[in-house]
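Okay, entry.txt now, which holds compact mmCIF, C-alpha atoms:
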```
# COMPACT_ATOMS: atom_id res chain seq x y z
CA MET J 543 -38.03 165.52 -84.50
CA THR J 544 -38.86 167.65 -81.46
CA GLU J 545 -36.12 168.82 -79.11
CA THR J 546 -37.67 166.64 -76.38
CA ALA J 547 -37.56 163.50 -78.53
CA PHE J 548 -33.96 164.27 -79.56
CA TYR J 549 -32.73 164.64 -75.98
CA ILE J 550 -34.58 161.51 -74.82
CA LEU J 551 -32.99 159.45 -77.60
CA LEU J 552 -29.62 161.00 -76.80
CA ALA J 553 -30.04 160.06 -73.11
CA LEU J 554 -30.91 156.47 -73.94
CA GLY J 555 -27.46 155.65 -75.29
CA LYS J 556 -27.17 154.19 -71.81
CA PRO J 557 -30.13 152.33 -70.23
CA ARG J 558 -32.05 154.82 -68.06
CA HIS J 559 -35.40 155.09 -66.31
CA GLY J 560 -37.82 158.04 -66.62
CA TYR J 561 -36.42 160.27 -63.90
CA GLY J 562 -32.87 159.26 -64.89
CA ILE J 563 -33.55 160.78 -68.34
CA THR J 564 -34.90 164.00 -66.77
CA LYS J 565 -31.77 164.36 -64.61
CA PHE J 566 -29.39 163.57 -67.46
CA VAL J 567 -30.97 166.12 -69.82
CA SER J 568 -31.20 168.77 -67.11
CA GLU J 569 -27.50 168.40 -66.24
CA LEU J 570 -26.39 168.22 -69.89
CA THR J 571 -28.26 171.39 -70.84
CA GLU J 572 -27.41 173.16 -67.56
CA GLU J 573 -31.11 173.25 -66.69
CA ARG J 574 -32.09 174.92 -69.97
CA ILE J 575 -34.34 171.93 -70.62
CA LYS J 576 -36.34 170.52 -67.73
CA LEU J 577 -38.39 167.65 -69.11
CA GLY J 578 -41.75 167.33 -67.39
CA SER J 579 -42.85 163.91 -66.15
CA GLY J 580 -45.92 163.93 -68.39
CA THR J 581 -43.77 164.82 -71.40
CA ILE J 582 -41.29 162.04 -70.61
CA TYR J 583 -43.93 159.32 -70.32
CA THR J 584 -46.00 160.45 -73.31
CA THR J 585 -42.84 160.49 -75.46
CA LEU J 586 -41.52 157.19 -74.08
CA SER J 587 -44.85 155.46 -74.83
CA LYS J 588 -44.85 156.81 -78.37
CA MET J 589 -41.21 155.90 -79.00
CA GLN J 590 -41.73 152.41 -77.63
CA LYS J 591 -44.72 151.99 -79.95
CA ASP J 592 -42.61 153.22 -82.90
CA GLY J 593 -39.82 150.80 -82.00
CA LEU J 594 -37.20 153.53 -81.36
CA ILE J 595 -36.67 152.40 -77.77
CA ALA J 596 -37.27 149.18 -75.87
CA ILE J 597 -37.50 148.08 -72.26
CA TYR J 598 -34.06 147.05 -71.07
CA ASP J 599 -35.04 145.93 -67.59
CA ASN J 600 -38.40 145.83 -65.86
CA SER J 601 -37.44 144.46 -62.47
CA ASP J 602 -36.93 146.18 -59.12
CA LYS J 603 -39.91 148.59 -59.56
CA LYS J 604 -38.04 150.54 -62.25
CA THR J 605 -38.61 150.32 -65.97
CA VAL J 606 -35.31 150.98 -67.67
CA TYR J 607 -35.34 151.88 -71.36
CA GLU J 608 -32.65 151.77 -74.04
CA ARG J 609 -32.34 152.79 -77.69
CA THR J 610 -33.01 150.18 -80.37
CA GLY J 611 -31.29 149.86 -83.78
CA SER J 612 -34.01 152.03 -85.38
CA GLY J 613 -33.53 154.57 -82.58
CA ASP J 614 -29.79 154.69 -83.33
CA MET J 615 -30.47 155.32 -87.01
CA ILE J 616 -33.00 158.09 -86.39
CA LEU J 617 -30.71 159.76 -83.87
CA ALA J 618 -27.72 159.57 -86.26
CA ALA J 619 -29.79 161.21 -89.02
CA GLU J 620 -30.93 163.98 -86.66
CA LYS J 621 -27.36 164.57 -85.41
CA GLU J 622 -26.22 164.89 -89.03
CA ARG J 623 -28.99 167.40 -89.74
CA LEU J 624 -28.03 169.45 -86.66
CA ARG J 625 -24.35 169.33 -87.69
CA LEU J 626 -25.30 170.77 -91.08
CA VAL J 627 -27.42 173.46 -89.39
CA TYR J 628 -24.46 174.34 -87.15
CA GLU J 629 -22.08 174.48 -90.16
CA ASN J 630 -24.52 176.76 -91.96
CA ILE J 631 -24.63 179.10 -88.96
CA ARG J 632 -20.82 179.18 -88.86
CA THR J 633 -20.62 179.93 -92.59
CA VAL J 634 -23.13 182.78 -92.35
CA GLU J 635 -21.46 184.23 -89.23
CA ALA J 636 -18.01 184.06 -90.87
CA SER J 637 -19.28 185.86 -93.97
CA GLU J 638 -21.04 188.51 -91.88
CA SER J 639 -17.97 189.26 -89.76
CA ALA J 640 -15.64 189.33 -92.81
CA MET Y 1072 -53.20 161.76 -37.28
CA ARG Y 1073 -54.05 158.60 -39.13
CA THR Y 1074 -51.34 156.02 -38.97
CA ASP Y 1075 -53.34 152.82 -39.22
CA ASP Y 1076 -52.93 151.73 -42.82
CA LYS Y 1077 -55.40 148.87 -42.39
CA THR Y 1078 -58.31 151.21 -41.57
CA ALA Y 1079 -57.55 153.22 -44.69
CA LYS Y 1080 -57.52 150.11 -46.86
CA ILE Y 1081 -60.83 148.86 -45.51
CA SER Y 1082 -62.54 152.18 -46.18
CA TYR Y 1083 -61.04 152.28 -49.70
CA SER Y 1084 -62.35 148.84 -50.64
CA GLY Y 1085 -65.79 149.88 -49.36
CA VAL Y 1086 -65.67 153.00 -51.52
CA GLN Y 1087 -64.53 150.97 -54.51
CA ALA Y 1088 -67.53 148.70 -54.08
CA VAL Y 1089 -69.82 151.77 -54.07
CA CYS Y 1090 -68.01 153.10 -57.18
CA ARG Y 1091 -68.52 149.79 -58.95
CA PHE Y 1092 -72.18 149.78 -57.95
CA ILE Y 1093 -72.67 153.32 -59.32
CA MET Y 1094 -70.80 152.44 -62.53
CA LEU Y 1095 -72.99 149.37 -62.94
CA GLY Y 1096 -76.10 151.49 -62.41
CA LEU Y 1097 -74.94 154.02 -65.01
CA PHE Y 1098 -74.16 151.18 -67.39
CA PHE Y 1099 -77.70 149.79 -67.08
CA LEU Y 1100 -79.16 153.28 -67.45
CA ILE Y 1101 -77.27 153.79 -70.72
CA CYS Y 1102 -78.29 150.30 -71.93
CA PHE Y 1103 -81.88 151.17 -71.02
CA CYS Y 1104 -81.78 154.46 -72.97
CA ILE Y 1105 -80.10 153.02 -76.06
CA GLY Y 1106 -82.27 149.89 -75.94
CA THR Y 1107 -85.45 151.99 -75.76
CA VAL Y 1108 -84.34 154.12 -78.71
CA ILE Y 1109 -83.54 151.14 -80.93
CA GLY Y 1110 -86.52 149.06 -79.78
CA SER Y 1111 -89.01 151.89 -80.14
CA THR Y 1112 -87.65 152.87 -83.55
CA MET Y 1113 -88.01 149.30 -84.71
CA ALA Y 1114 -91.57 149.17 -83.31
CA LEU Y 1115 -92.50 152.42 -85.07
CA ILE Y 1116 -90.96 151.34 -88.37
CA THR Y 1117 -92.47 147.85 -88.43
CA ASP Y 1118 -95.90 149.08 -87.35
CA ALA Y 1119 -95.80 151.93 -89.85
CA ILE Y 1120 -95.06 149.37 -92.57
CA ASP Y 1121 -97.91 147.15 -91.39
CA GLY Y 1122 -100.21 150.18 -91.16
CA GLU Y 1123 -101.06 149.48 -87.53
CA THR Y 1124 -101.26 151.83 -84.54
CA VAL Y 1125 -98.42 151.40 -82.11
CA VAL Y 1126 -99.36 150.56 -78.55
CA PRO Y 1127 -96.90 152.48 -76.35
CA ALA Y 1128 -96.42 149.64 -73.88
CA GLU Y 1129 -95.16 147.57 -76.79
CA PHE Y 1130 -92.24 150.00 -77.12
CA ILE Y 1131 -90.79 148.67 -73.90
CA LEU Y 1132 -91.53 145.07 -74.86
CA HIS Y 1133 -89.87 145.53 -78.23
CA SER Y 1134 -86.87 147.07 -76.52
CA ILE Y 1135 -85.99 144.14 -74.25
CA PRO Y 1136 -83.78 142.31 -76.79
CA PHE Y 1137 -82.06 145.62 -77.52
CA TYR Y 1138 -81.24 146.23 -73.85
CA ILE Y 1139 -79.46 142.88 -73.87
CA MET Y 1140 -77.83 143.59 -77.23
CA THR Y 1141 -76.58 147.03 -76.09
CA ALA Y 1142 -75.17 145.51 -72.91
CA LEU Y 1143 -73.38 142.80 -74.89
CA VAL Y 1144 -71.96 145.26 -77.45
CA THR Y 1145 -70.72 147.55 -74.65
CA VAL Y 1146 -69.06 144.63 -72.88
CA LEU Y 1147 -67.40 143.62 -76.17
CA ILE Y 1148 -66.14 147.19 -76.75
CA VAL Y 1149 -64.71 147.31 -73.22
CA ILE Y 1150 -62.99 143.95 -73.74
CA PHE Y 1151 -61.63 145.20 -77.06
CA LEU Y 1152 -60.32 148.44 -75.51
CA ARG Y 1153 -58.76 146.49 -72.65
CA GLY Y 1154 -57.00 144.33 -75.18
CA LEU Y 1155 -55.51 147.44 -76.77
CA LYS Y 1156 -53.91 148.47 -73.50
CA ARG Y 1157 -50.31 147.57 -73.04
CA ILE Y 1158 -50.18 147.67 -69.27
CA PRO Y 1159 -48.57 144.49 -68.00
CA LYS Y 1160 -51.30 142.63 -66.14
CA GLU Y 1161 -49.25 142.11 -63.00
CA ASP Y 1162 -48.52 145.87 -62.84
CA ALA Y 1163 -52.21 146.78 -62.95
CA VAL Y 1164 -53.07 144.21 -60.30
CA ARG Y 1165 -50.19 145.30 -58.10
CA MET Y 1166 -51.03 149.00 -58.42
CA GLY Y 1167 -54.76 148.49 -57.97
CA GLY Y 1168 -54.13 146.37 -54.91
CA LYS Y 1169 -51.67 148.75 -53.31
CA LEU Y 1170 -52.53 152.32 -54.06
CA ARG Y 1171 -56.31 152.39 -54.48
CA THR Y 1172 -57.59 155.80 -55.52
CA VAL Y 1173 -56.12 158.13 -52.89
CA PRO Y 1174 -52.78 157.26 -51.26
CA ALA Y 1175 -53.10 156.49 -47.55
CA GLU Y 1176 -50.45 159.10 -46.66
CA ASN Y 1177 -52.72 161.88 -48.03
CA PHE Y 1178 -55.06 161.33 -45.07
CA ARG Y 1179 -53.26 163.44 -42.49
CA TYR Y 1180 -56.37 163.60 -40.29
CA THR Y 1181 -58.77 160.92 -39.06
CA PRO Y 1182 -62.41 161.20 -40.27
CA ALA Y 1183 -63.38 162.55 -36.83
CA GLU Y 1184 -60.64 165.22 -36.98
CA GLU Y 1185 -61.74 166.15 -40.49
CA LYS Y 1186 -65.35 166.60 -39.34
CA GLN Y 1187 -64.18 168.80 -36.48
CA LEU Y 1188 -62.02 170.92 -38.81
CA ILE Y 1189 -64.95 171.35 -41.21
CA LYS Y 1190 -67.09 172.52 -38.28
CA GLU Y 1191 -64.40 174.98 -37.23
CA GLY Y 1192 -64.22 176.32 -40.79
CA ARG Y 1193 -60.61 175.28 -41.28
CA LEU Y 1194 -61.41 172.56 -43.79
CA LEU Y 1195 -63.61 173.07 -46.84
CA LYS Y 1196 -65.23 170.41 -48.98
CA LYS Y 1197 -66.09 171.32 -52.56
CA THR Y 1198 -67.83 168.87 -54.88
CA LYS Y 1199 -66.92 169.25 -58.54
CA LEU Y 1200 -68.77 166.93 -60.88
CA GLY Y 1201 -67.13 166.20 -64.20
CA TRP Y 1202 -63.98 168.23 -63.41
CA PHE Y 1203 -61.98 165.38 -64.92
CA TYR Y 1204 -63.03 166.43 -68.43
CA ASN Y 1205 -61.14 169.72 -68.29
CA PRO Y 1206 -57.85 169.44 -66.36
CA ASP Y 1207 -56.93 173.08 -67.14
CA ARG Y 1208 -60.09 174.45 -65.56
CA ILE Y 1209 -59.74 172.45 -62.35
CA ASN Y 1210 -56.06 173.45 -62.18
CA ALA Y 1211 -57.05 177.14 -62.45
CA TYR Y 1212 -59.65 176.62 -59.70
CA ILE Y 1213 -57.22 174.91 -57.33
CA GLN Y 1214 -54.61 177.62 -58.01
CA GLN Y 1215 -57.16 180.34 -57.25
CA MET Y 1216 -58.16 178.61 -54.01
CA ALA Y 1217 -54.48 178.28 -53.00
CA ARG Y 1218 -53.87 181.99 -53.67
CA GLU Y 1219 -56.77 182.73 -51.32
CA GLY Y 1220 -55.19 180.52 -48.65
CA TRP Y 1221 -57.26 177.40 -49.24
CA LEU Y 1222 -54.66 174.73 -49.91
CA LEU Y 1223 -55.59 171.40 -51.46
CA TYR Y 1224 -55.61 168.83 -48.67
CA ARG Y 1225 -56.92 165.74 -50.45
CA LEU Y 1226 -59.49 164.36 -52.89
CA ASP Y 1227 -62.26 162.05 -51.78
CA ASP Y 1228 -62.05 158.37 -52.71
CA MET Y 1229 -64.46 158.72 -55.62
CA GLY Y 1230 -62.61 161.69 -57.04
CA THR Y 1231 -65.63 163.97 -57.07
CA ALA Y 1232 -64.87 166.22 -54.09
CA PHE Y 1233 -61.86 168.30 -53.09
CA PHE Y 1234 -60.92 169.14 -49.51
CA PHE Y 1235 -59.11 172.42 -48.88
CA GLU Y 1236 -57.29 173.35 -45.70
CA LYS Y 1237 -56.91 176.93 -44.48
CA GLY Y 1238 -53.32 178.08 -44.50
CA GLU Y 1239 -50.90 180.64 -45.89
CA PRO Y 1240 -51.55 181.60 -49.55
CA ALA Y 1241 -49.35 179.53 -51.86
CA ASN Y 1242 -48.95 178.41 -55.44
CA ILE Y 1243 -50.10 174.90 -56.37
CA GLU Y 1244 -50.06 173.23 -59.77
CA PHE Y 1245 -52.60 170.43 -60.24
CA VAL Y 1246 -52.35 168.04 -63.16
CA THR Y 1247 -54.63 165.29 -64.46
CA ASP Y 1248 -52.61 162.90 -66.60
CA LEU Y 1249 -54.18 160.20 -68.72
CA GLN Y 1250 -51.53 157.53 -69.22
CA SER Y 1251 -51.71 154.14 -70.87
CA ASN Y 1252 -48.31 153.46 -69.35
CA CYS Y 1253 -49.28 153.67 -65.65
CA SER Y 1254 -46.54 151.38 -64.42
CA GLU Y 1255 -45.13 151.48 -60.91
CA GLU Y 1256 -42.12 153.20 -62.41
CA TYR Y 1257 -44.32 156.04 -63.70
CA PHE Y 1258 -45.52 156.71 -60.14
CA SER Y 1259 -42.07 156.54 -58.57
CA SER Y 1260 -40.51 158.72 -61.30
CA CYS Y 1261 -43.14 161.46 -61.01
CA ALA Y 1262 -42.74 161.38 -57.21
CA GLU Y 1263 -38.94 161.65 -57.56
CA ASP Y 1264 -39.48 164.66 -59.80
CA GLY Y 1265 -41.32 166.38 -56.91
CA TRP Y 1266 -44.98 165.65 -57.74
CA LYS Y 1267 -47.43 164.46 -55.08
CA LEU Y 1268 -49.96 161.83 -56.07
CA GLU Y 1269 -53.49 163.01 -55.27
CA PHE Y 1270 -55.65 160.47 -57.05
CA ALA Y 1271 -55.19 157.46 -59.31
CA SER Y 1272 -57.74 155.55 -61.33
CA PHE Y 1273 -56.64 152.11 -62.36
CA ALA Y 1274 -59.54 151.37 -64.66
CA ARG Y 1275 -58.10 149.69 -67.72
CA VAL Y 1276 -59.93 151.90 -70.19
CA TRP Y 1277 -59.26 155.25 -68.52
CA SER Y 1278 -56.18 154.94 -66.37
CA TYR Y 1279 -55.22 158.37 -65.10
CA ALA Y 1280 -53.41 159.99 -62.24
CA CYS Y 1281 -53.70 163.41 -60.59
CA TRP Y 1282 -50.58 165.14 -59.33
CA SER Y 1283 -50.03 168.32 -57.38
CA ARG Y 1284 -46.94 170.38 -56.63
CA ARG Y 1285 -46.34 173.48 -54.56
CA TYR Y 1286 -43.97 176.04 -55.99
CA GLU Y 1287 -42.45 179.39 -55.11
CA SER Y 1288 -41.98 181.45 -58.26
CA GLU Y 1289 -41.26 179.21 -61.26
CA ARG Y 1290 -44.34 177.25 -62.25
CA PRO Y 1291 -43.45 173.55 -62.75
CA ASP Y 1292 -44.38 172.02 -66.08
CA PHE Y 1293 -45.76 168.51 -66.10
CA TYR Y 1294 -45.71 168.78 -69.88
CA SER Y 1295 -42.59 170.71 -70.75
CA ASP Y 1296 -43.52 171.19 -74.40
CA SER Y 1297 -46.78 172.09 -76.09
CA GLU Y 1298 -46.44 169.11 -78.44
CA THR Y 1299 -46.79 166.49 -75.67
CA LYS Y 1300 -49.54 168.53 -73.99
CA TYR Y 1301 -51.35 168.45 -77.32
CA GLU Y 1302 -50.70 164.70 -77.74
CA HIS Y 1303 -52.17 164.15 -74.29
CA ALA Y 1304 -55.23 166.32 -74.99
CA LYS Y 1305 -55.80 164.57 -78.33
CA LYS Y 1306 -55.62 161.11 -76.74
CA PHE Y 1307 -57.91 162.32 -73.94
CA PHE Y 1308 -60.45 163.76 -76.38
CA ILE Y 1309 -60.49 160.73 -78.72
CA SER Y 1310 -60.84 158.22 -75.88
CA THR Y 1311 -63.20 160.28 -73.68
CA GLY Y 1312 -64.70 163.48 -75.07
CA LEU Y 1313 -65.57 162.20 -78.52
CA PRO Y 1314 -67.54 159.10 -77.39
CA VAL Y 1315 -69.26 161.21 -74.71
CA LEU Y 1316 -70.26 163.84 -77.31
CA PHE Y 1317 -71.42 161.12 -79.67
CA PHE Y 1318 -73.68 159.52 -77.04
CA GLY Y 1319 -74.93 162.96 -75.97
CA ALA Y 1320 -75.80 163.91 -79.56
CA ALA Y 1321 -77.42 160.50 -80.16
CA THR Y 1322 -79.59 160.92 -77.05
CA ILE Y 1323 -80.69 164.42 -78.12
CA ALA Y 1324 -81.44 163.18 -81.65
CA ALA Y 1325 -83.50 160.31 -80.21
CA MET Y 1326 -85.46 162.72 -77.99
CA ILE Y 1327 -86.25 165.07 -80.88
CA PHE Y 1328 -87.23 162.11 -83.06
CA PHE Y 1329 -89.69 160.72 -80.51
CA ILE Y 1330 -91.19 164.08 -79.56
CA ALA Y 1331 -91.79 164.81 -83.28
CA LYS Y 1332 -93.14 161.34 -83.91
CA LEU Y 1333 -95.43 161.19 -80.89
CA SER Y 1334 -96.77 164.74 -81.02
CA GLY Y 1335 -98.08 164.11 -84.54
CA GLY Y 1336 -100.35 161.19 -83.63
CA GLU Y 1337 -103.02 160.25 -81.20
CA MET Y 1338 -100.71 158.05 -79.24
CA PHE Y 1339 -100.78 160.19 -76.10
CA GLU Y 1340 -104.30 158.97 -75.55
CA GLU Y 1341 -103.29 155.33 -75.75
CA GLU Y 1342 -103.26 153.16 -72.68
CA GLY Y 1343 -99.86 152.58 -71.16
CA MET Y 1344 -98.52 156.00 -72.16
CA GLU Y 1345 -97.25 156.61 -68.60
CA VAL Y 1346 -94.78 153.74 -69.02
CA LEU Y 1347 -93.44 155.32 -72.18
CA VAL Y 1348 -93.16 158.79 -70.66
CA LEU Y 1349 -91.38 157.27 -67.67
CA SER Y 1350 -88.91 155.51 -69.93
CA PHE Y 1351 -87.97 158.89 -71.45
CA LEU Y 1352 -87.25 160.58 -68.15
CA PRO Y 1353 -83.51 159.82 -68.08
CA TYR Y 1354 -82.98 161.24 -71.59
CA PRO Y 1355 -82.76 164.99 -70.85
CA LEU Y 1356 -80.60 164.32 -67.79
CA VAL Y 1357 -78.24 161.93 -69.57
CA SER Y 1358 -77.93 164.08 -72.69
CA ALA Y 1359 -77.35 167.35 -70.79
CA GLU Y 1360 -74.69 165.73 -68.63
CA LEU Y 1361 -72.95 164.08 -71.57
CA MET Y 1362 -72.96 167.25 -73.68
CA ILE Y 1363 -71.58 169.44 -70.86
CA PHE Y 1364 -68.77 166.97 -70.13
CA GLY Y 1365 -68.03 166.40 -73.82
CA ILE Y 1366 -67.87 170.12 -74.64
CA SER Y 1367 -65.67 170.72 -71.60
CA ASN Y 1368 -63.26 168.05 -72.87
CA LEU Y 1369 -63.40 169.48 -76.40
CA LYS Y 1370 -62.40 172.89 -75.01
CA TYR Y 1371 -59.37 171.35 -73.28
CA TYR Y 1372 -58.34 169.76 -76.58
CA LEU Y 1373 -58.85 172.98 -78.60
CA ASP Y 1374 -56.86 175.03 -76.05
CA ALA Y 1375 -53.97 172.55 -76.27
CA ARG Y 1376 -54.12 172.69 -80.07
CA ARG Y 1377 -54.08 176.50 -80.05
CA ASP Y 1378 -51.07 176.52 -77.66
CA ARG Y 1379 -49.20 174.15 -79.94
CA LYS Y 1380 -49.93 176.34 -82.98
CA ASN Y 1381 -48.77 179.46 -81.12
CA ASN Y 1382 -45.51 177.74 -80.20
CA GLU Y 1383 -44.75 176.57 -83.73
```

Represent the structure contained in this file as structure tokens.
Amino acid sequence: MTETAFYILLALGKPRHGYGITKFVSELTEERIKLGSGTIYTTLSKMQKDGLIAIYDNSDKKTVYERTGSGDMILAAEKERLRLVYENIRTVEASESA
Amino acid sequence: MRTDDKTAKISYSGVQAVCRFIMLGLFFLICFCIGTVIGSTMALITDAIDGETVVPAEFILHSIPFYIMTALVTVLIVIFLRGLKRIPKEDAVRMGGKLRTVPAENFRYTPAEEKQLIKEGRLLKKTKLGWFYNPDRINAYIQQMAREGWLLYRLDDMGTAFFFEKGEPANIEFVTDLQSNCSEEYFSSCAEDGWKLEFASFARVWSYACWSRRYESERPDFYSDSETKYEHAKKFFISTGLPVLFFGAATIAAMIFFIAKLSGGEMFEEEGMEVLVLSFLPYPLVSAELMIFGISNLKYYLDARRDRKNNE
């Protein structure tokens, strides 16, 4: 999973629209990651096609997306993988400083 | 300054009618070329089998059913591709009805003012045919113009010409984005993110939008990772460049085939040869145009693929 896809799935724990996702990710990562509009919409289209996200609300000129059950599962698996990566880093750092 | 929205809308619908007329003309031209190829091939094959000499005028006659067949097949393909699109119908109708190709607010001057500015050398019109096939190249061109103090003012309604206004040198990023998800939300979200809509095509098969953004030092990324840029380029190439290259190659192959076939026989002396020669006139033009556009689009795709590889 790309970093972009991970952060978009993470943002969609709450229903959000395209620019809402950009703002959320930018604030969360202290502007380390600024998702481009083209990136957001290409990824959203792909995720919607793969069933990872779905349209929550399409009224009032804003399409709001949210994570589906499959999206939750994929995100949980990726979080677990990242946790393991982080633990590995800690283990190596601890052994190097010892 | 233009404030009358109604005037803008009337001129847009007029331009759209011209666009449709040109598209229809191109469509018939392609049907004519493909129909002639198939019809003439059939005529040559059947007559070769029968051992008879082919009368050139018969080529055209033989081709008539194939013109109709090509037109029908193309219409079916378009209907099929439209069916694949997931744009909600009401969205497409709403967007097509409201925005047209160039937003009304982009026209800061009336046509008379524009003419005057062009005369005074403060406004420059540059026609760029086929720029759509390589978004990176047109972006580099617009950036170069902006650095020289020619700032993008607007596109024309058909999307073939760019107007530049003289001003202070600046940095401008120009993006052409092919999106199957061109909902109203897409337009409002990109605008909220700071992008200015320059052009939008609401054709169902190729729906795309052009965005521009001025910046100071940090170049804004419409695609913030090379993966999505690559995805975009791949989709663009498969839906546009590849069919264009295929038709270009098919036209060249057909030309070579007929030149080889005709130069070997005595058919140039036959009556009605002028009709045949006339029917081949569009071939070099169509094939050269298609190949240039297709290769340009292929280059965009290969560049995106190389960037993705470098970032891996």

Expressed in Å to a single decimal, how great is the separation between atom CA of Val567 of chain J and atom CA of Tyr1257 of chain Y?
17.8 Å

Name all residues at most 9 Å from segment 617-625 of chain J (count all atoms listed in the file; drop same-chain ones fewer than 2 positions away) and give them as a ChimeraX atom specification.
/J:543,548,551-552,612-615,627-630

Show me, as CSV, the residues of chain Y having an atom within 8 Å of chain J, each with the closest atom pair and its distance in Å, using all atoms listed in the file.
```
residue,atom,partner,partner_atom,distance
Y:Asp1248,CA,J:Gly580,CA,7.0
Y:Gln1250,CA,J:Thr584,CA,7.5
Y:Asn1252,CA,J:Ser587,CA,6.8
Y:Glu1255,CA,J:Lys603,CA,6.1
Y:Glu1256,CA,J:Lys604,CA,4.9
Y:Tyr1257,CA,J:Tyr583,CA,7.4
Y:Ser1260,CA,J:Tyr561,CA,5.1
Y:Cys1261,CA,J:Ser579,CA,5.7
Y:Glu1263,CA,J:Tyr561,CA,7.0
Y:Asp1264,CA,J:Tyr561,CA,6.7
Y:Pro1291,CA,J:Gly578,CA,7.9
Y:Asp1292,CA,J:Gly578,CA,5.5
Y:Phe1293,CA,J:Gly578,CA,4.4
Y:Tyr1294,CA,J:Thr581,CA,4.7
Y:Ser1295,CA,J:Gly578,CA,4.8
Y:Asp1296,CA,J:Thr581,CA,7.0
Y:Thr1299,CA,J:Thr581,CA,5.5
Y:Lys1300,CA,J:Thr581,CA,7.3
Y:Glu1302,CA,J:Thr584,CA,7.7
Y:His1303,CA,J:Thr584,CA,7.3
```

Between atom CA of Asp1207 of chain Y and atom CA of Ala1375 of chain Y, what is the spacing in Å?
9.6 Å

Emit as lines of an AutoDock Vina configuration file the padded axis-aligned box for all listed atoms of segment 574-578 of chain J, 4 Å per side, with centre and edge lengths in Å to one decimal.
```
center_x = -36.9
center_y = 171.1
center_z = -69.0
size_x = 17.7
size_y = 15.6
size_z = 11.2
```

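Put simply, atom CA of Leu1316 of chain Y is 24.9 Å away from atom CA of Ser1297 of chain Y.
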
Neighbouring residues of Val1357 of chain Y were defined as those with any atom within 12 Å, considering only C-alpha atoms; residues of the same chain fewer than 3 positions away were excluded. Please report them as a PDB file with C-alpha atoms, in the coordinates of the input.
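Once everything was written out, this is part21.pdb:
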```pdb
ATOM      1  CA  LEU Y1097     -74.940 154.020 -65.010  1.00  0.00           C
ATOM      2  CA  PHE Y1098     -74.160 151.180 -67.390  1.00  0.00           C
ATOM      3  CA  LEU Y1100     -79.160 153.280 -67.450  1.00  0.00           C
ATOM      4  CA  ILE Y1101     -77.270 153.790 -70.720  1.00  0.00           C
ATOM      5  CA  CYS Y1102     -78.290 150.300 -71.930  1.00  0.00           C
ATOM      6  CA  PHE Y1103     -81.880 151.170 -71.020  1.00  0.00           C
ATOM      7  CA  CYS Y1104     -81.780 154.460 -72.970  1.00  0.00           C
ATOM      8  CA  ILE Y1105     -80.100 153.020 -76.060  1.00  0.00           C
ATOM      9  CA  VAL Y1315     -69.260 161.210 -74.710  1.00  0.00           C
ATOM     10  CA  LEU Y1316     -70.260 163.840 -77.310  1.00  0.00           C
ATOM     11  CA  PHE Y1318     -73.680 159.520 -77.040  1.00  0.00           C
ATOM     12  CA  GLY Y1319     -74.930 162.960 -75.970  1.00  0.00           C
ATOM     13  CA  ALA Y1320     -75.800 163.910 -79.560  1.00  0.00           C
ATOM     14  CA  ALA Y1321     -77.420 160.500 -80.160  1.00  0.00           C
ATOM     15  CA  THR Y1322     -79.590 160.920 -77.050  1.00  0.00           C
ATOM     16  CA  ILE Y1323     -80.690 164.420 -78.120  1.00  0.00           C
ATOM     17  CA  ALA Y1325     -83.500 160.310 -80.210  1.00  0.00           C
ATOM     18  CA  MET Y1326     -85.460 162.720 -77.990  1.00  0.00           C
ATOM     19  CA  PHE Y1351     -87.970 158.890 -71.450  1.00  0.00           C
ATOM     20  CA  LEU Y1352     -87.250 160.580 -68.150  1.00  0.00           C
ATOM     21  CA  PRO Y1353     -83.510 159.820 -68.080  1.00  0.00           C
ATOM     22  CA  TYR Y1354     -82.980 161.240 -71.590  1.00  0.00           C
ATOM     23  CA  GLU Y1360     -74.690 165.730 -68.630  1.00  0.00           C
ATOM     24  CA  LEU Y1361     -72.950 164.080 -71.570  1.00  0.00           C
ATOM     25  CA  MET Y1362     -72.960 167.250 -73.680  1.00  0.00           C
ATOM     26  CA  ILE Y1363     -71.580 169.440 -70.860  1.00  0.00           C
ATOM     27  CA  PHE Y1364     -68.770 166.970 -70.130  1.00  0.00           C
ATOM     28  CA  GLY Y1365     -68.030 166.400 -73.820  1.00  0.00           C
TER      29      GLY Y1365
END
```

Between J:Ser639, J:Arg632, J:Lys556, J:Thr571, which one has atoms that come closest to Ala596 of chain J, using all atoms listed in the file?
J:Lys556
